[in-house]
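Colleague: Would you mind keeping the following structure in view while I ask a few things?
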Amino acid sequence: MINDLIREGWGYHDTESERLAGELEAANLGALKGEAPAHCVRLSNHTIGEHLGDWPRARRFAEAVRDATAGRPVDAGFGAHLAVARYMDGDAIAAQQAEIECLGAAEQPVDAYLWVKSFLAGALAGTGRFADAGVVLAAANRLAAGLGEEAASNRSMAVANNNLASELVESEELDADQSRMMLGCAAAAHTFWKRCGTWVNEERALYLLALVHNRTGNHAAGLEYAQTALGVIAANGEEPVDEAFIRLAAAASRIGLSDIASAREQLAAADELAKEWSDESLATWFQGERRKVTTALANTPE
């Protein structure tokens, strides 16, 4: 069943991208109903377009979904993802057509417009076109900022900004423009998550702000964001995994501020939280982040 493939495909889309692409192309696309065409093209854009780097193929698949579901009610979500596939394939006119159809099918056209732009920014970033993604997203952020807490686009804007900032903070090199983009996206992600998310989304957005400020050398701001994130957790419940990573970020901030004793305290607290983890991938991720802190500690005089 195509719906099962869409649901299960997210579990291996990044490690077996070619396999999933072939399975999607061989599936019975005529069985897609309701919101399933949108979910299907979102998965194919991400897998074929971003991971395999083959936007012409991703566009062909999106068009095949459109043909297979022709005559059914137009879905704004599908129109948004079809527009992205066409934009990324270099066909701006056809993309505009899909975007207009998306706006026409949406209850709130401005939200649909922002869906297209946030998905497009994600596709550009996923293809390594960070500067282009930043231009699109910055303009969309300015529009979305004035829509308020009830806007349906808040979540897609939060995700797009979060993902772009996260990609940039892990980059080996950042120039001044990329650093500004990273900081702006992290701040926007925090704004939009506060509008539409839970306290967990808020503390994770604060953690990202700590990371990006540490990355740019503003360790005082990084520490402030890390401490605020820990305060959000303490005020709402427990989130030991997130807390462990936040404490690593706080340790990095302390090292940058030459407060080595406090850095060691934060590192020890993170280790205490992580020592019982049984998830191997999570433990590996933690150890990778921990090594960054211990390396910085080793290179910093007491």
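Just so we're on the same page: first chain in the structure tokens is A, next is B, and so on; residues restart at 1 for each chain, and ligands are numbered from 1 in the order they show up.
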Would you pick out the contacts of Gly237 of chain A at 12 Å or less, using only C-alpha atoms, so that residues sharing its chain but fewer than 6 positions from it are not included, and give the list as a short mmCIF file (atom, residue, chain, number, x, y, z; two decimals) with N, CA, C and O atoms, in the first residue's frame?

Modeller:
data_model
loop_
_atom_site.label_atom_id
_atom_site.label_comp_id
_atom_site.auth_asym_id
_atom_site.auth_seq_id
_atom_site.Cartn_x
_atom_site.Cartn_y
_atom_site.Cartn_z
N TRP A 199 6.39 23.57 25.26
CA TRP A 199 7.58 24.02 25.98
C TRP A 199 8.82 23.25 25.55
O TRP A 199 9.94 23.78 25.61
N VAL A 200 8.63 22.02 25.07
CA VAL A 200 9.78 21.25 24.57
C VAL A 200 10.33 21.91 23.30
O VAL A 200 11.55 22.05 23.14
N GLU A 203 12.34 24.99 24.50
CA GLU A 203 13.69 24.76 25.05
C GLU A 203 14.66 24.26 23.98
O GLU A 203 15.85 24.58 24.03
N LEU A 230 17.41 25.54 30.22
CA LEU A 230 17.35 24.70 31.42
C LEU A 230 16.23 25.17 32.35
O LEU A 230 15.55 24.35 32.98
N GLY A 231 16.02 26.48 32.41
CA GLY A 231 14.93 27.01 33.22
C GLY A 231 13.56 26.60 32.70
O GLY A 231 12.64 26.31 33.49
N GLU A 243 18.26 17.97 28.24
CA GLU A 243 19.05 18.64 29.27
C GLU A 243 20.53 18.29 29.17
O GLU A 243 21.39 19.16 29.35
#

Colleague: Mind running segment 66-147 of chain A against segment 182-191 of chain A at 10 Å and telling me each contacting residue's nearest atom pair with the distance in Å (one decimal), counting only C-alpha atoms, chain and number ascending, as CSV?

Modeller:
residue,atom,partner,partner_atom,distance
A:Phe130,CA,A:Met182,CA,9.9
A:Gly134,CA,A:Cys185,CA,8.3
A:Leu137,CA,A:Cys185,CA,8.2
A:Ala138,CA,A:Cys185,CA,8.0
A:Asn141,CA,A:Ala188,CA,7.2
A:Arg142,CA,A:Ala188,CA,9.6
A:Ala144,CA,A:Ala188,CA,9.8
A:Ala145,CA,A:Thr191,CA,8.5

Colleague: Would you pick out the contacts of Pro37 of chain A at 9 Å or less, using only C-alpha atoms, so that residues sharing its chain but fewer than 2 positions from it are not included, and give the list as a list in words?

Modeller: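 In the requested format, the answer is Leu29, Leu32, Lys33, Gly34, Glu35, His39, Cys40, Val41, Arg42, Ala62, Val65, Arg66, Thr69, Asp75, Gly77 and Phe78 of chain A.
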
Colleague: Next, dump the selected residues to file, keeping only all heavy atoms, as a tab-separated table (two decimals), in the first residue's frame.

Modeller:
chain	number	residue	atom	x	y	z
A	29	LEU	N	0.10	5.02	-7.75
A	29	LEU	CA	-0.15	6.40	-7.35
A	29	LEU	C	-1.63	6.76	-7.41
A	29	LEU	O	-2.07	7.70	-6.74
A	29	LEU	CB	0.65	7.35	-8.24
A	29	LEU	CG	2.18	7.14	-8.23
A	29	LEU	CD1	2.85	8.16	-9.14
A	29	LEU	CD2	2.73	7.23	-6.82
A	32	LEU	N	-3.62	7.16	-4.10
A	32	LEU	CA	-3.42	8.30	-3.21
A	32	LEU	C	-4.70	9.11	-3.11
A	32	LEU	O	-5.28	9.50	-4.13
A	32	LEU	CB	-2.29	9.18	-3.72
A	32	LEU	CG	-0.88	8.58	-3.69
A	32	LEU	CD1	0.08	9.41	-4.53
A	32	LEU	CD2	-0.38	8.47	-2.25
A	33	LYS	N	-5.13	9.38	-1.88
A	33	LYS	CA	-6.35	10.15	-1.67
A	33	LYS	C	-6.15	11.17	-0.56
A	33	LYS	O	-5.26	11.04	0.26
A	33	LYS	CB	-7.50	9.21	-1.29
A	33	LYS	CG	-7.86	8.19	-2.37
A	33	LYS	CD	-8.98	7.28	-1.91
A	33	LYS	CE	-9.33	6.24	-2.99
A	33	LYS	NZ	-10.41	5.33	-2.55
A	34	GLY	N	-7.02	12.16	-0.54
A	34	GLY	CA	-6.98	13.15	0.54
A	34	GLY	C	-5.67	13.91	0.56
A	34	GLY	O	-5.25	14.49	-0.44
A	35	GLU	N	-5.01	13.89	1.72
A	35	GLU	CA	-3.73	14.59	1.87
A	35	GLU	C	-2.54	13.72	1.48
A	35	GLU	O	-1.40	14.20	1.50
A	35	GLU	CB	-3.57	15.05	3.32
A	35	GLU	CG	-4.61	16.08	3.77
A	35	GLU	CD	-4.39	16.53	5.20
A	35	GLU	OE1	-3.53	15.92	5.88
A	35	GLU	OE2	-5.07	17.47	5.63
A	39	HIS	N	1.72	14.36	1.06
A	39	HIS	CA	2.72	13.65	1.86
A	39	HIS	C	3.69	12.88	0.96
A	39	HIS	O	4.89	12.81	1.24
A	39	HIS	CB	2.03	12.69	2.83
A	39	HIS	CG	1.15	13.38	3.83
A	39	HIS	ND1	1.52	14.53	4.48
A	39	HIS	CD2	-0.08	13.06	4.31
A	39	HIS	CE1	0.56	14.91	5.30
A	39	HIS	NE2	-0.42	14.04	5.21
A	40	CYS	N	3.16	12.32	-0.11
A	40	CYS	CA	3.98	11.53	-1.02
A	40	CYS	C	5.02	12.40	-1.72
A	40	CYS	O	6.21	12.05	-1.80
A	40	CYS	CB	3.08	10.84	-2.04
A	40	CYS	SG	3.94	9.71	-3.15
A	41	VAL	N	4.60	13.56	-2.23
A	41	VAL	CA	5.53	14.42	-2.96
A	41	VAL	C	6.51	15.09	-1.99
A	41	VAL	O	7.67	15.33	-2.35
A	41	VAL	CB	4.76	15.46	-3.80
A	41	VAL	CG1	5.72	16.42	-4.49
A	41	VAL	CG2	3.92	14.74	-4.85
A	42	ARG	N	6.08	15.37	-0.80
A	42	ARG	CA	7.02	15.89	0.21
A	42	ARG	C	8.15	14.88	0.42
A	42	ARG	O	9.34	15.24	0.45
A	42	ARG	CB	6.30	16.15	1.52
A	42	ARG	CG	7.23	16.60	2.65
A	42	ARG	CD	6.46	16.87	3.93
A	42	ARG	NE	7.38	17.13	5.02
A	42	ARG	CZ	7.36	16.49	6.19
A	42	ARG	NH1	6.47	15.54	6.42
A	42	ARG	NH2	8.22	16.79	7.13
A	62	ALA	N	6.67	14.03	-9.16
A	62	ALA	CA	5.59	14.91	-8.70
A	62	ALA	C	4.53	15.07	-9.78
A	62	ALA	O	3.32	15.08	-9.49
A	62	ALA	CB	6.18	16.26	-8.29
A	65	VAL	N	2.38	11.99	-9.92
A	65	VAL	CA	1.35	12.02	-8.85
A	65	VAL	C	0.20	12.93	-9.27
A	65	VAL	O	-0.97	12.59	-9.09
A	65	VAL	CB	1.97	12.49	-7.52
A	65	VAL	CG1	0.88	12.69	-6.47
A	65	VAL	CG2	3.00	11.49	-7.03
A	66	ARG	N	0.54	14.06	-9.86
A	66	ARG	CA	-0.51	14.99	-10.31
A	66	ARG	C	-1.40	14.34	-11.36
A	66	ARG	O	-2.63	14.44	-11.30
A	66	ARG	CB	0.13	16.26	-10.88
A	66	ARG	CG	-0.87	17.35	-11.25
A	66	ARG	CD	-0.12	18.62	-11.63
A	66	ARG	NE	-1.03	19.76	-11.66
A	66	ARG	CZ	-1.49	20.32	-12.76
A	66	ARG	NH1	-1.13	19.84	-13.95
A	66	ARG	NH2	-2.31	21.37	-12.70
A	69	THR	N	-3.76	11.63	-9.92
A	69	THR	CA	-4.83	12.11	-9.04
A	69	THR	C	-5.64	13.23	-9.68
A	69	THR	O	-6.37	13.94	-9.01
A	69	THR	CB	-4.24	12.60	-7.70
A	69	THR	OG1	-3.28	13.64	-7.95
A	69	THR	CG2	-3.56	11.47	-6.96
A	75	ASP	N	-5.60	20.08	-3.49
A	75	ASP	CA	-5.11	20.17	-2.11
A	75	ASP	C	-3.97	21.19	-2.06
A	75	ASP	O	-3.02	21.11	-2.86
A	75	ASP	CB	-4.62	18.80	-1.63
A	75	ASP	CG	-3.98	18.86	-0.26
A	75	ASP	OD1	-4.70	19.10	0.71
A	75	ASP	OD2	-2.74	18.69	-0.18
A	77	GLY	N	-1.61	21.65	0.11
A	77	GLY	CA	-0.32	21.05	0.45
A	77	GLY	C	0.35	20.42	-0.74
A	77	GLY	O	1.56	20.58	-0.96
A	78	PHE	N	-0.43	19.70	-1.56
A	78	PHE	CA	0.15	19.10	-2.76
A	78	PHE	C	0.64	20.18	-3.72
A	78	PHE	O	1.74	20.07	-4.28
A	78	PHE	CB	-0.88	18.21	-3.47
A	78	PHE	CG	-0.38	17.71	-4.80
A	78	PHE	CD1	0.59	16.72	-4.85
A	78	PHE	CD2	-0.85	18.24	-5.98
A	78	PHE	CE1	1.08	16.26	-6.07
A	78	PHE	CE2	-0.37	17.79	-7.20
A	78	PHE	CZ	0.59	16.80	-7.24

Colleague: Please, what distance in Å, to one decimal, runs between atom CA of Glu276 of chain A and atom CA of Glu238 of chain A?

Modeller: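 Those two atoms sit 15.3 Å apart.
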
Colleague: Could you give me, as a list in words, the residues within 12 Å of Arg129 of chain A, counting only C-alpha atoms and dropping anything in the same chain fewer than 2 positions from it?

Modeller: Glu50, Gly53, Met88, Leu120, Ala121, Gly122, Ala123, Leu124, Ala125, Gly126, Thr127, Ala131, Asp132, Ala133, Gly134, Val135, Val136, Leu164, Glu167, Leu168 and Gln178 of chain A

Colleague: Among segment 49-241 of chain A, which residues does DSSP mark as helix (DSSP H, G or I) when it is run on the backbone? Keep the chain and numbering as in the structure and answer as a VMD selection string.

Modeller: chain A and resid 49 to 51 55 to 68 76 to 88 92 to 105 109 to 126 130 to 144 154 to 169 176 to 196 199 to 215 219 to 236 240 to 241

Colleague: Report, in Å to a single decimal, how far apart atom CA of Val169 of chain A and atom CA of Ile233 of chain A are.

Modeller: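 Computing it gives 23.1 Å between the two atoms.
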
Colleague: Please provide the set of residues having any atom within 8 Å of Leu208 of chain A, restricted to only C-alpha atoms, with same-chain residues fewer than 2 positions apart removed, written as a list in words.

Modeller: Asn162, Ala165, Ser166, Ala186, Arg204, Ala205, Leu206, Ala210, Leu211 and Val212 of chain A

Colleague: I need the residue nearest Cys196 of chain A from this list: A:Arg86, A:Arg59, A:Arg155, A:Arg7. Use only C-alpha atoms for the distance.

Modeller: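 Answer, going by the shortest atom-to-atom distance: A:Arg155.
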
Colleague: Would you compute the distance between atom CA of Ala105 of chain A and atom CA of Val84 of chain A? Give it in Å to one decimal.

Modeller: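 Taking atom CA of Ala105 of chain A as the start and atom CA of Val84 of chain A as the end point, the length is 16.4 Å.
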
Colleague: Fewer than 6 positions away in the same chain doesn't count, so skip those; otherwise give me all residues within 10 Å of Asn201 of chain A, counting only C-alpha atoms, as a list in words.

Modeller: Ala158, Ala189, His190, Phe192, Trp193, Lys194 and Tyr207 of chain A

Colleague: Can those selected residues be exported to a file as a PDB file, in the first residue's frame so that it contains C-alpha atoms?

Modeller:
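Result file out19.pdb:
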ATOM      1  CA  ALA A 158       9.599  27.240  12.557  1.00  0.00           C
ATOM      2  CA  ALA A 189      12.763  29.545  14.744  1.00  0.00           C
ATOM      3  CA  HIS A 190      12.463  30.467  18.422  1.00  0.00           C
ATOM      4  CA  PHE A 192       7.702  30.736  15.523  1.00  0.00           C
ATOM      5  CA  TRP A 193       8.066  27.740  17.878  1.00  0.00           C
ATOM      6  CA  LYS A 194       6.841  29.891  20.759  1.00  0.00           C
ATOM      7  CA  TYR A 207      19.345  25.224  22.741  1.00  0.00           C
TER       8      TYR A 207
END

Colleague: Which polymer residues have any atom within 12 Å of an atom of Glu16 of chain A, counting only C-alpha atoms, with same-chain residues fewer than 5 positions away left out, as a list in words?

Modeller: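 Contacts, in chain order: Gly9, Trp10, Gly11, Ala21, Gly22, Glu23, Thr47, Ile48, His51 and Leu52 of chain A.
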